[in-house]
Amino acid sequence: MRKKVIAGNWKMNMLPNETINFIEQFAPLVKDTKNEVILCVPFTDLFYALLHVQGTNIKIGAQNMHWEEKGAYTGEVSAQMLKSIGTEYVIIGHSERRQYFAETDETVNKKIKSALAVGLKPIVCVGETLEQRENGKTEEIVTNQVEKAFEGLNLEDLSKIIIAYEPIWAIGTGKTATKEEANETIAQIRKKIAKMYSQKEADEIIIQYGGSVKASNAKELFEMSDIDGGLVGGASLKPDEFSKIVNFDK
Ligand code: 13P
């Protein structure tokens with residue numbers, strides 16, 4: 001049985017004092033959940049977040065990294081740097097990074113390998129545009145992204161990776177994929193993993209849904225057979241709202 005993993009993606013929001021306040025309010029609200037809880041925070045909040053989640057069940061992730069170990073890459077942060085302060089997860093290939101920062105399937109693949117090499121767990125994002133969905137291309141686009149992202153990875157790597165299926169048209173738009181649409185595409189991703197690796201890996205890998213998840217729709221989405229939780233943007237910025245999403249099964 002796969003567990004449910006609920007991750008907040010704060011994007012470019014929250015200052016250190018807001019991070020500390022958030023965790024103080026949020027931690028008691030989610031302390032009894034059996035679901036995995038992750039906060040993916042801006043680089044400048046990481047250290048504060050890591051200090052303040054000590055003794056709680058909350059895990060911390062970053063939102064991006066560079067694939068090289070070190071060197072002349074002004075402004076970049078390496079996997080080792082994230083790992084060295086205790087970061088456990090890192091979002092890789094978010095559609096906003098693909099769209100605004102020239103992230104490609106190739107750089108996504110390099111980043112995943114680099115994260116795994118130091119023991120950081122990647123949350124790998126895939127998803128189609130509205131035009132691609134309307135043209136019936138969703139399965140092709142999304143499974144192709146998975147294939148390229150996972151190129152050269154072996155079986156053992158797979159258990160450390162989370163996939164987040166985030167239809168681009170559902171991000172920040174208030175327009176959620178229906179539970180059936182989300183479940184169907186996630187099932188197609190699982191089928192692809194079975195083809196690339198084995199049925200066992202396909203059955204075990206955690207695949208989240210992301211895109212306008214809120215307290216009012218989390219339960220119906222997360223109860224679907226193939227959806228293993230969510231990657232939550234806007235609704236993860238409020239402790240009360242996000243705790244209700246984490247506690248969707250209570
Ligand atoms: P919203 O939940 O704000 O739509 O954002 C989803 C997302 O991009 C999470 O990574």
# chains A, B, ... in the order shown; residues from 1 in each chain; ligands from 1
>>> residues_near_ligand(ligand="ligand 1", cutoff="7 Å", atoms="only C-alpha atoms and all ligand atoms", output="JSON, numbers by chain")
{"A": [9, 94, 166, 170, 171, 172, 173, 174, 210, 211, 212, 213, 231, 232, 233, 234, 235]}
>>> write_last_selection(atoms="C-alpha atoms", output="PDB file, in the first residue's frame")
ATOM      1  CA  ASN A   9       5.383  24.380  -2.784  1.00  0.00           C
ATOM      2  CA  HIS A  94       8.423  22.457 -12.119  1.00  0.00           C
ATOM      3  CA  GLU A 166       0.725  18.975 -12.570  1.00  0.00           C
ATOM      4  CA  ALA A 170      -4.604  23.863 -13.518  1.00  0.00           C
ATOM      5  CA  ILE A 171      -1.740  25.662 -11.772  1.00  0.00           C
ATOM      6  CA  GLY A 172      -2.746  28.845  -9.970  1.00  0.00           C
ATOM      7  CA  THR A 173      -5.872  29.114 -12.113  1.00  0.00           C
ATOM      8  CA  GLY A 174      -8.404  27.763  -9.660  1.00  0.00           C
ATOM      9  CA  GLY A 210      -0.848  19.273  -8.317  1.00  0.00           C
ATOM     10  CA  GLY A 211      -2.882  22.204  -9.616  1.00  0.00           C
ATOM     11  CA  SER A 212      -5.374  24.234  -7.571  1.00  0.00           C
ATOM     12  CA  VAL A 213      -5.565  21.673  -4.750  1.00  0.00           C
ATOM     13  CA  LEU A 231       1.882  19.123  -4.535  1.00  0.00           C
ATOM     14  CA  VAL A 232       0.104  22.216  -3.316  1.00  0.00           C
ATOM     15  CA  GLY A 233       0.935  25.820  -4.235  1.00  0.00           C
ATOM     16  CA  GLY A 234      -1.240  28.719  -3.052  1.00  0.00           C
ATOM     17  CA  ALA A 235      -3.183  26.709  -0.482  1.00  0.00           C
TER      18      ALA A 235
END
>>> closest_atom_pairs(of="range 61-105 of chain A", to="range 114-122 of chain A", cutoff="12 Å", atoms="only C-alpha atoms", output="Markdown table")
| residue | atom | partner | partner_atom | distance |
| --- | --- | --- | --- | --- |
| A:Gly61 | CA | A:Lys121 | CA | 8.7 |
| A:Ala62 | CA | A:Pro122 | CA | 9.5 |
| A:Gln63 | CA | A:Pro122 | CA | 9.7 |
| A:Asn64 | CA | A:Pro122 | CA | 9.6 |
| A:Met65 | CA | A:Ala115 | CA | 8.3 |
| A:His66 | CA | A:Ser114 | CA | 8.2 |
| A:Trp67 | CA | A:Ser114 | CA | 5.4 |
| A:Glu68 | CA | A:Ser114 | CA | 7.2 |
| A:Glu69 | CA | A:Ser114 | CA | 7.7 |
| A:Lys70 | CA | A:Ser114 | CA | 11.3 |
| A:Val77 | CA | A:Ala115 | CA | 11.5 |
| A:Ser78 | CA | A:Ser114 | CA | 8.5 |
| A:Ala79 | CA | A:Ala115 | CA | 5.3 |
| A:Gln80 | CA | A:Val118 | CA | 6.2 |
| A:Met81 | CA | A:Val118 | CA | 9.7 |
| A:Leu82 | CA | A:Leu120 | CA | 8.1 |
| A:Lys83 | CA | A:Leu120 | CA | 6.4 |
| A:Ser84 | CA | A:Val118 | CA | 9.3 |
| A:Ile85 | CA | A:Leu120 | CA | 11.4 |
| A:Gly86 | CA | A:Leu120 | CA | 9.4 |
| A:Thr87 | CA | A:Leu120 | CA | 7.4 |
| A:Glu88 | CA | A:Leu120 | CA | 5.4 |
| A:Tyr89 | CA | A:Lys121 | CA | 4.6 |
| A:Val90 | CA | A:Pro122 | CA | 5.0 |
| A:Ile91 | CA | A:Pro122 | CA | 5.8 |
| A:Ile92 | CA | A:Pro122 | CA | 6.3 |
| A:Gly93 | CA | A:Pro122 | CA | 9.6 |
| A:His94 | CA | A:Pro122 | CA | 11.2 |
>>> residues_around(residues="Thr178 in chain A", least_positions_apart="4", cutoff="9 Å", atoms="only C-alpha atoms", output="ChimeraX atom specification")
/A:182-183,221
>>> write_last_selection(atoms="all heavy atoms", output="PDB file, in the first residue's frame")
ATOM      1  N   ALA A 182      -7.303  13.501 -13.477  1.00  0.00           N
ATOM      2  CA  ALA A 182      -6.022  13.387 -12.770  1.00  0.00           C
ATOM      3  C   ALA A 182      -5.651  11.920 -12.582  1.00  0.00           C
ATOM      4  O   ALA A 182      -4.515  11.507 -12.837  1.00  0.00           O
ATOM      5  CB  ALA A 182      -6.105  14.099 -11.420  1.00  0.00           C
ATOM      6  N   ASN A 183      -6.640  11.128 -12.177  1.00  0.00           N
ATOM      7  CA  ASN A 183      -6.377   9.709 -11.914  1.00  0.00           C
ATOM      8  C   ASN A 183      -5.975   8.981 -13.198  1.00  0.00           C
ATOM      9  O   ASN A 183      -5.068   8.146 -13.191  1.00  0.00           O
ATOM     10  CB  ASN A 183      -7.619   9.060 -11.300  1.00  0.00           C
ATOM     11  CG  ASN A 183      -7.293   7.783 -10.570  1.00  0.00           C
ATOM     12  OD1 ASN A 183      -6.485   7.780  -9.639  1.00  0.00           O
ATOM     13  ND2 ASN A 183      -7.883   6.681 -10.992  1.00  0.00           N
ATOM     14  N   LEU A 221      -9.794  14.104  -4.537  1.00  0.00           N
ATOM     15  CA  LEU A 221      -8.643  13.802  -5.395  1.00  0.00           C
ATOM     16  C   LEU A 221      -7.778  12.701  -4.781  1.00  0.00           C
ATOM     17  O   LEU A 221      -7.435  11.717  -5.442  1.00  0.00           O
ATOM     18  CB  LEU A 221      -7.788  15.061  -5.583  1.00  0.00           C
ATOM     19  CG  LEU A 221      -8.349  16.144  -6.514  1.00  0.00           C
ATOM     20  CD1 LEU A 221      -7.669  17.477  -6.251  1.00  0.00           C
ATOM     21  CD2 LEU A 221      -8.185  15.740  -7.978  1.00  0.00           C
TER      22      LEU A 221
END
>>> residues_around(residues="Arg2 in chain A", least_positions_apart="5", cutoff="8 Å", atoms="only C-alpha atoms", output="PyMOL selection string")
chain A and resi 204-206+228
>>> residues_around(residues="Tyr197 in chain A", least_positions_apart="4", cutoff="7 Å", atoms="only C-alpha atoms", output="list in words")
Leu155, Ile193 and Glu201 of chain A
>>> residues_around(residues="range 29-33 of chain A", least_positions_apart="3", cutoff="8 Å", atoms="only C-alpha atoms", output="ChimeraX atom specification")
/A:25-26,36,56-57,240,243,246-247
>>> write_last_selection(atoms="all heavy atoms", output="tab-separated table (two decimals), in the first residue's frame")
chain	number	residue	atom	x	y	z
A	25	GLN	N	2.50	27.41	13.94
A	25	GLN	CA	1.05	27.19	13.89
A	25	GLN	C	0.69	25.85	13.25
A	25	GLN	O	-0.25	25.18	13.66
A	25	GLN	CB	0.39	28.30	13.06
A	25	GLN	CG	0.38	29.65	13.74
A	25	GLN	CD	-0.22	30.71	12.81
A	25	GLN	OE1	-1.29	30.52	12.21
A	25	GLN	NE2	0.47	31.82	12.65
A	26	PHE	N	1.44	25.49	12.25
A	26	PHE	CA	1.10	24.33	11.42
A	26	PHE	C	1.46	22.98	12.08
A	26	PHE	O	0.67	22.02	12.02
A	26	PHE	CB	1.83	24.49	10.08
A	26	PHE	CG	1.65	23.38	9.09
A	26	PHE	CD1	0.41	23.16	8.49
A	26	PHE	CD2	2.73	22.58	8.70
A	26	PHE	CE1	0.24	22.16	7.55
A	26	PHE	CE2	2.57	21.58	7.76
A	26	PHE	CZ	1.32	21.36	7.18
A	36	GLU	N	2.74	11.66	4.83
A	36	GLU	CA	4.01	12.37	4.87
A	36	GLU	C	3.78	13.85	4.52
A	36	GLU	O	3.03	14.16	3.60
A	36	GLU	CB	4.97	11.72	3.87
A	36	GLU	CG	6.36	12.29	3.99
A	36	GLU	CD	7.43	11.30	3.55
A	36	GLU	OE1	7.19	10.09	3.57
A	36	GLU	OE2	8.50	11.79	3.19
A	56	THR	N	9.43	17.53	14.90
A	56	THR	CA	8.08	17.39	14.31
A	56	THR	C	8.13	16.33	13.21
A	56	THR	O	9.21	15.80	12.90
A	56	THR	CB	7.59	18.71	13.66
A	56	THR	OG1	8.27	18.89	12.41
A	56	THR	CG2	7.84	19.92	14.56
A	57	ASN	N	6.97	16.06	12.61
A	57	ASN	CA	6.91	15.10	11.49
A	57	ASN	C	6.98	15.80	10.14
A	57	ASN	O	6.61	15.22	9.12
A	57	ASN	CB	5.63	14.26	11.60
A	57	ASN	CG	4.39	15.13	11.70
A	57	ASN	OD1	4.48	16.30	12.09
A	57	ASN	ND2	3.24	14.60	11.36
A	240	ASP	N	-3.75	26.88	8.39
A	240	ASP	CA	-5.03	26.23	8.63
A	240	ASP	C	-5.50	25.48	7.38
A	240	ASP	O	-5.87	24.30	7.45
A	240	ASP	CB	-6.04	27.31	9.04
A	240	ASP	CG	-7.31	26.67	9.55
A	240	ASP	OD1	-7.20	25.80	10.42
A	240	ASP	OD2	-8.40	27.02	9.05
A	243	SER	N	-3.21	22.50	6.62
A	243	SER	CA	-3.38	21.39	7.57
A	243	SER	C	-4.63	20.58	7.22
A	243	SER	O	-4.66	19.37	7.37
A	243	SER	CB	-3.45	21.89	9.01
A	243	SER	OG	-4.67	22.55	9.25
A	246	VAL	N	-3.64	18.27	4.45
A	246	VAL	CA	-2.84	17.15	4.99
A	246	VAL	C	-3.75	16.17	5.72
A	246	VAL	O	-3.59	14.94	5.61
A	246	VAL	CB	-1.74	17.68	5.95
A	246	VAL	CG1	-1.09	16.53	6.70
A	246	VAL	CG2	-0.71	18.49	5.18
A	247	ASN	N	-4.74	16.71	6.44
A	247	ASN	CA	-5.65	15.87	7.23
A	247	ASN	C	-6.92	15.51	6.46
A	247	ASN	O	-7.97	15.32	7.05
A	247	ASN	CB	-6.05	16.61	8.53
A	247	ASN	CG	-4.85	16.79	9.46
A	247	ASN	OD1	-4.00	15.91	9.57
A	247	ASN	ND2	-4.78	17.93	10.13
>>> residues_around(residues="Glu220 in chain A", least_positions_apart="4", cutoff="12 Å", atoms="only C-alpha atoms", output="list in words")
Thr176, Ala177, Thr178, Lys179, Glu180, Ala182, Asn183, Tyr209, Val213, Lys214, Ala215, Ser216, Met224, Ser225, Ile227, Asp228, Gly229, Gly230, Ile245, Phe248 and Asp249 of chain A
>>> write_last_selection(atoms="all heavy atoms", output="short mmCIF file (atom, residue, chain, number, x, y, z; two decimals), in the first residue's frame")
data_model
loop_
_atom_site.label_atom_id
_atom_site.label_comp_id
_atom_site.auth_asym_id
_atom_site.auth_seq_id
_atom_site.Cartn_x
_atom_site.Cartn_y
_atom_site.Cartn_z
N THR A 176 -9.17 23.06 -11.32
CA THR A 176 -8.57 21.77 -10.96
C THR A 176 -8.93 20.74 -12.03
O THR A 176 -10.03 20.78 -12.57
CB THR A 176 -9.17 21.26 -9.63
OG1 THR A 176 -9.31 22.36 -8.75
CG2 THR A 176 -8.30 20.22 -8.99
N ALA A 177 -8.01 19.82 -12.28
CA ALA A 177 -8.38 18.68 -13.13
C ALA A 177 -9.45 17.91 -12.36
O ALA A 177 -9.44 17.89 -11.13
CB ALA A 177 -7.16 17.80 -13.36
N THR A 178 -10.38 17.30 -13.07
CA THR A 178 -11.35 16.48 -12.34
C THR A 178 -10.59 15.30 -11.74
O THR A 178 -9.51 14.94 -12.22
CB THR A 178 -12.47 15.92 -13.25
OG1 THR A 178 -11.85 15.03 -14.19
CG2 THR A 178 -13.19 17.05 -13.98
N LYS A 179 -11.19 14.70 -10.73
CA LYS A 179 -10.50 13.58 -10.10
C LYS A 179 -10.30 12.45 -11.11
O LYS A 179 -9.29 11.76 -11.08
CB LYS A 179 -11.23 13.12 -8.85
CG LYS A 179 -12.68 12.70 -9.01
CD LYS A 179 -13.25 12.45 -7.62
CE LYS A 179 -14.51 11.61 -7.59
NZ LYS A 179 -15.72 12.13 -8.11
N GLU A 180 -11.21 12.31 -12.03
CA GLU A 180 -11.07 11.26 -13.05
C GLU A 180 -9.94 11.58 -14.03
O GLU A 180 -9.14 10.70 -14.38
CB GLU A 180 -12.38 11.08 -13.84
CG GLU A 180 -13.53 10.48 -13.04
CD GLU A 180 -14.29 11.52 -12.20
OE1 GLU A 180 -14.09 12.74 -12.41
OE2 GLU A 180 -15.08 11.09 -11.33
N ALA A 182 -7.30 13.50 -13.48
CA ALA A 182 -6.02 13.39 -12.77
C ALA A 182 -5.65 11.92 -12.58
O ALA A 182 -4.52 11.51 -12.84
CB ALA A 182 -6.10 14.10 -11.42
N ASN A 183 -6.64 11.13 -12.18
CA ASN A 183 -6.38 9.71 -11.91
C ASN A 183 -5.97 8.98 -13.20
O ASN A 183 -5.07 8.15 -13.19
CB ASN A 183 -7.62 9.06 -11.30
CG ASN A 183 -7.29 7.78 -10.57
OD1 ASN A 183 -6.48 7.78 -9.64
ND2 ASN A 183 -7.88 6.68 -10.99
N TYR A 209 -0.75 14.56 -7.38
CA TYR A 209 -1.42 15.50 -8.29
C TYR A 209 -1.17 16.92 -7.80
O TYR A 209 -1.16 17.16 -6.58
CB TYR A 209 -2.94 15.23 -8.33
CG TYR A 209 -3.65 16.40 -8.99
CD1 TYR A 209 -3.62 16.56 -10.38
CD2 TYR A 209 -4.26 17.39 -8.22
CE1 TYR A 209 -4.20 17.65 -10.98
CE2 TYR A 209 -4.84 18.50 -8.82
CZ TYR A 209 -4.80 18.62 -10.20
OH TYR A 209 -5.36 19.73 -10.80
N VAL A 213 -5.09 22.51 -5.86
CA VAL A 213 -5.56 21.67 -4.75
C VAL A 213 -5.89 22.59 -3.58
O VAL A 213 -5.14 23.51 -3.27
CB VAL A 213 -4.49 20.65 -4.30
CG1 VAL A 213 -4.95 19.90 -3.06
CG2 VAL A 213 -4.17 19.67 -5.43
N LYS A 214 -7.04 22.38 -2.96
CA LYS A 214 -7.42 23.14 -1.78
C LYS A 214 -8.11 22.21 -0.78
O LYS A 214 -8.39 21.04 -1.12
CB LYS A 214 -8.35 24.30 -2.12
CG LYS A 214 -8.85 24.37 -3.55
CD LYS A 214 -9.69 25.60 -3.80
CE LYS A 214 -10.65 25.39 -4.94
NZ LYS A 214 -10.09 25.21 -6.24
N ALA A 215 -8.41 22.76 0.40
CA ALA A 215 -9.04 21.93 1.43
C ALA A 215 -10.35 21.33 0.91
O ALA A 215 -10.71 20.20 1.25
CB ALA A 215 -9.28 22.75 2.69
N SER A 216 -11.06 22.08 0.07
CA SER A 216 -12.39 21.63 -0.38
C SER A 216 -12.34 20.54 -1.45
O SER A 216 -13.36 19.90 -1.70
CB SER A 216 -13.18 22.83 -0.89
OG SER A 216 -12.48 23.44 -1.95
N MET A 224 -8.60 8.90 -4.85
CA MET A 224 -8.62 8.15 -6.10
C MET A 224 -7.52 7.08 -6.07
O MET A 224 -6.47 7.25 -5.44
CB MET A 224 -8.39 9.08 -7.29
CG MET A 224 -9.51 10.10 -7.50
SD MET A 224 -11.13 9.36 -7.79
CE MET A 224 -10.98 8.85 -9.51
N SER A 225 -7.74 6.00 -6.84
CA SER A 225 -6.87 4.82 -6.74
C SER A 225 -5.40 5.11 -7.02
O SER A 225 -4.52 4.54 -6.38
CB SER A 225 -7.37 3.76 -7.70
OG SER A 225 -7.36 4.28 -9.03
N ILE A 227 -3.84 8.31 -7.20
CA ILE A 227 -3.32 9.60 -6.74
C ILE A 227 -2.81 9.46 -5.29
O ILE A 227 -3.57 9.15 -4.39
CB ILE A 227 -4.40 10.70 -6.81
CG1 ILE A 227 -4.98 10.79 -8.23
CG2 ILE A 227 -3.84 12.05 -6.35
CD1 ILE A 227 -6.06 11.85 -8.42
N ASP A 228 -1.53 9.70 -5.12
CA ASP A 228 -0.89 9.45 -3.81
C ASP A 228 -0.64 10.73 -3.02
O ASP A 228 0.40 10.87 -2.37
CB ASP A 228 0.44 8.72 -4.00
CG ASP A 228 0.27 7.44 -4.80
OD1 ASP A 228 -0.78 6.78 -4.65
OD2 ASP A 228 1.17 7.11 -5.59
N GLY A 229 -1.55 11.68 -3.11
CA GLY A 229 -1.34 12.94 -2.39
C GLY A 229 -1.15 14.07 -3.38
O GLY A 229 -1.50 13.94 -4.56
N GLY A 230 -0.60 15.19 -2.89
CA GLY A 230 -0.56 16.34 -3.77
C GLY A 230 0.64 17.23 -3.58
O GLY A 230 1.33 17.18 -2.55
N ILE A 245 -5.73 20.09 4.25
CA ILE A 245 -5.37 19.26 3.08
C ILE A 245 -4.59 18.03 3.55
O ILE A 245 -4.87 16.90 3.15
CB ILE A 245 -4.56 20.10 2.06
CG1 ILE A 245 -5.45 21.24 1.54
CG2 ILE A 245 -4.03 19.24 0.92
CD1 ILE A 245 -4.74 22.23 0.63
N PHE A 248 -6.81 15.41 5.14
CA PHE A 248 -7.99 15.17 4.30
C PHE A 248 -8.73 13.89 4.69
O PHE A 248 -9.92 13.74 4.46
CB PHE A 248 -7.56 15.06 2.81
CG PHE A 248 -6.90 13.76 2.48
CD1 PHE A 248 -7.63 12.71 1.96
CD2 PHE A 248 -5.53 13.56 2.73
CE1 PHE A 248 -7.03 11.48 1.68
CE2 PHE A 248 -4.94 12.35 2.46
CZ PHE A 248 -5.67 11.31 1.92
N ASP A 249 -7.99 12.94 5.30
CA ASP A 249 -8.56 11.63 5.61
C ASP A 249 -9.04 11.54 7.05
O ASP A 249 -9.33 10.47 7.55
CB ASP A 249 -7.53 10.53 5.31
CG ASP A 249 -6.15 10.84 5.92
OD1 ASP A 249 -5.96 11.95 6.49
OD2 ASP A 249 -5.26 9.98 5.81
#
>>> closest_residue(among="A:Lys4, A:Lys192, A:Lys11, A:Arg98", to="Ile162 in chain A", atoms="only C-alpha atoms")
A:Lys4
>>> atom_distance(atom1="CA of Arg133 in chain A", atom2="CA of Gln208 in chain A")
18.6 Å
>>> select_by_dssp(residues="range 34-172 of chain A", states="strand (DSSP E or B)", output="ChimeraX atom specification")
/A:36-40,58-62,66,78,89-92,121-126,162-165
>>> closest_residue(among="A:Ala49, A:Asp226, A:Ile123, A:Phe43", to="Ser159 in chain A", atoms="only C-alpha atoms")
A:Ile123
>>> atom_distance(atom1="CA of Tyr48 in chain A", atom2="CA of Met12 in chain A")
15.7 Å
>>> select_by_dssp(residues="range 35-230 of chain A", states="alpha helix (DSSP H)", output="PDB file with C-alpha atoms, in the first residue's frame")
ATOM      1  CA  PHE A  43      16.448  28.890  -0.384  1.00  0.00           C
ATOM      2  CA  THR A  44      16.545  31.789   2.104  1.00  0.00           C
ATOM      3  CA  ASP A  45      14.024  30.037   4.366  1.00  0.00           C
ATOM      4  CA  LEU A  46      15.596  26.582   4.304  1.00  0.00           C
ATOM      5  CA  PHE A  47      17.840  26.918   7.302  1.00  0.00           C
ATOM      6  CA  TYR A  48      15.121  28.493   9.476  1.00  0.00           C
ATOM      7  CA  ALA A  49      12.608  25.886   8.392  1.00  0.00           C
ATOM      8  CA  LEU A  50      15.005  23.021   9.115  1.00  0.00           C
ATOM      9  CA  LEU A  51      15.697  24.362  12.618  1.00  0.00           C
ATOM     10  CA  HIS A  52      12.044  24.843  13.444  1.00  0.00           C
ATOM     11  CA  ALA A  79      22.583  19.357  -4.389  1.00  0.00           C
ATOM     12  CA  GLN A  80      25.415  18.959  -1.893  1.00  0.00           C
ATOM     13  CA  MET A  81      24.775  22.446  -0.499  1.00  0.00           C
ATOM     14  CA  LEU A  82      21.119  21.585   0.086  1.00  0.00           C
ATOM     15  CA  LYS A  83      21.960  18.225   1.599  1.00  0.00           C
ATOM     16  CA  SER A  84      24.651  19.659   3.865  1.00  0.00           C
ATOM     17  CA  SER A  95       6.510  23.861 -15.110  1.00  0.00           C
ATOM     18  CA  GLU A  96       7.289  27.411 -13.955  1.00  0.00           C
ATOM     19  CA  ARG A  97      10.976  26.594 -14.209  1.00  0.00           C
ATOM     20  CA  ARG A  98      10.510  24.932 -17.595  1.00  0.00           C
ATOM     21  CA  GLN A  99       8.495  27.946 -18.797  1.00  0.00           C
ATOM     22  CA  TYR A 100      10.423  30.911 -17.333  1.00  0.00           C
ATOM     23  CA  ASP A 105      13.932  17.446 -20.070  1.00  0.00           C
ATOM     24  CA  GLU A 106      17.709  17.178 -20.337  1.00  0.00           C
ATOM     25  CA  THR A 107      18.486  19.488 -17.414  1.00  0.00           C
ATOM     26  CA  VAL A 108      15.744  17.788 -15.418  1.00  0.00           C
ATOM     27  CA  ASN A 109      17.468  14.457 -16.007  1.00  0.00           C
ATOM     28  CA  LYS A 110      20.865  15.855 -14.957  1.00  0.00           C
ATOM     29  CA  LYS A 111      19.391  17.408 -11.822  1.00  0.00           C
ATOM     30  CA  ILE A 112      17.667  14.180 -10.784  1.00  0.00           C
ATOM     31  CA  LYS A 113      20.947  12.263 -11.109  1.00  0.00           C
ATOM     32  CA  SER A 114      22.846  14.906  -9.170  1.00  0.00           C
ATOM     33  CA  ALA A 115      20.221  15.003  -6.380  1.00  0.00           C
ATOM     34  CA  LEU A 116      20.213  11.208  -6.036  1.00  0.00           C
ATOM     35  CA  ALA A 117      24.008  11.124  -5.916  1.00  0.00           C
ATOM     36  CA  LEU A 130      -4.216  23.211 -22.162  1.00  0.00           C
ATOM     37  CA  GLU A 131      -3.594  23.098 -25.912  1.00  0.00           C
ATOM     38  CA  GLN A 132      -1.886  19.716 -25.609  1.00  0.00           C
ATOM     39  CA  ARG A 133      -4.800  18.351 -23.561  1.00  0.00           C
ATOM     40  CA  GLU A 134      -7.354  19.687 -26.014  1.00  0.00           C
ATOM     41  CA  THR A 138      -1.711  14.479 -22.695  1.00  0.00           C
ATOM     42  CA  GLU A 139      -0.551  10.878 -22.381  1.00  0.00           C
ATOM     43  CA  GLU A 140       2.120  11.278 -25.055  1.00  0.00           C
ATOM     44  CA  ILE A 141       3.509  14.518 -23.577  1.00  0.00           C
ATOM     45  CA  VAL A 142       3.514  13.403 -19.976  1.00  0.00           C
ATOM     46  CA  THR A 143       4.910   9.908 -20.501  1.00  0.00           C
ATOM     47  CA  ASN A 144       7.569  11.356 -22.775  1.00  0.00           C
ATOM     48  CA  GLN A 145       8.594  13.796 -20.028  1.00  0.00           C
ATOM     49  CA  VAL A 146       8.867  10.877 -17.604  1.00  0.00           C
ATOM     50  CA  GLU A 147      10.895   8.817 -20.053  1.00  0.00           C
ATOM     51  CA  LYS A 148      13.387  11.627 -20.625  1.00  0.00           C
ATOM     52  CA  ALA A 149      13.581  12.628 -16.976  1.00  0.00           C
ATOM     53  CA  LEU A 155      15.714   0.342 -10.317  1.00  0.00           C
ATOM     54  CA  GLU A 156      17.078   1.348  -6.906  1.00  0.00           C
ATOM     55  CA  ASP A 157      16.850   5.038  -7.807  1.00  0.00           C
ATOM     56  CA  LEU A 158      13.151   4.819  -8.418  1.00  0.00           C
ATOM     57  CA  LYS A 179     -10.502  13.578 -10.101  1.00  0.00           C
ATOM     58  CA  GLU A 180     -11.072  11.257 -13.052  1.00  0.00           C
ATOM     59  CA  GLU A 181      -8.779  13.254 -15.369  1.00  0.00           C
ATOM     60  CA  ALA A 182      -6.022  13.387 -12.770  1.00  0.00           C
ATOM     61  CA  ASN A 183      -6.377   9.709 -11.914  1.00  0.00           C
ATOM     62  CA  GLU A 184      -6.378   8.653 -15.557  1.00  0.00           C
ATOM     63  CA  THR A 185      -3.175  10.520 -16.421  1.00  0.00           C
ATOM     64  CA  ILE A 186      -1.440   9.297 -13.282  1.00  0.00           C
ATOM     65  CA  ALA A 187      -2.443   5.731 -14.162  1.00  0.00           C
ATOM     66  CA  GLN A 188      -0.905   6.296 -17.618  1.00  0.00           C
ATOM     67  CA  ILE A 189       2.340   7.423 -15.958  1.00  0.00           C
ATOM     68  CA  ARG A 190       2.290   4.258 -13.856  1.00  0.00           C
ATOM     69  CA  LYS A 191       1.811   2.165 -16.990  1.00  0.00           C
ATOM     70  CA  LYS A 192       4.832   3.883 -18.514  1.00  0.00           C
ATOM     71  CA  ILE A 193       6.942   3.121 -15.421  1.00  0.00           C
ATOM     72  CA  ALA A 194       5.855  -0.530 -15.664  1.00  0.00           C
ATOM     73  CA  LYS A 195       7.079  -0.589 -19.269  1.00  0.00           C
ATOM     74  CA  MET A 196      10.380   1.142 -18.465  1.00  0.00           C
ATOM     75  CA  GLN A 199       5.069  -3.596 -12.520  1.00  0.00           C
ATOM     76  CA  LYS A 200       6.472  -3.641  -8.971  1.00  0.00           C
ATOM     77  CA  GLU A 201       8.115  -0.223  -9.429  1.00  0.00           C
ATOM     78  CA  ALA A 202       4.967   1.105 -11.089  1.00  0.00           C
ATOM     79  CA  ASP A 203       2.861  -0.054  -8.138  1.00  0.00           C
ATOM     80  CA  GLU A 204       5.225   1.409  -5.570  1.00  0.00           C
ATOM     81  CA  ALA A 215      -9.045  21.927   1.428  1.00  0.00           C
ATOM     82  CA  SER A 216     -12.385  21.632  -0.375  1.00  0.00           C
ATOM     83  CA  ASN A 217     -11.175  19.265  -3.136  1.00  0.00           C
ATOM     84  CA  ALA A 218      -8.222  17.408  -1.551  1.00  0.00           C
ATOM     85  CA  LYS A 219     -10.266  14.491  -0.242  1.00  0.00           C
ATOM     86  CA  GLU A 220     -11.959  13.592  -3.518  1.00  0.00           C
ATOM     87  CA  LEU A 221      -8.643  13.802  -5.395  1.00  0.00           C
ATOM     88  CA  PHE A 222      -6.457  11.977  -2.872  1.00  0.00           C
TER      89      PHE A 222
END
>>> atom_distance(atom1="CA of Pro42 in chain A", atom2="CA of Lys175 in chain A")
25.1 Å
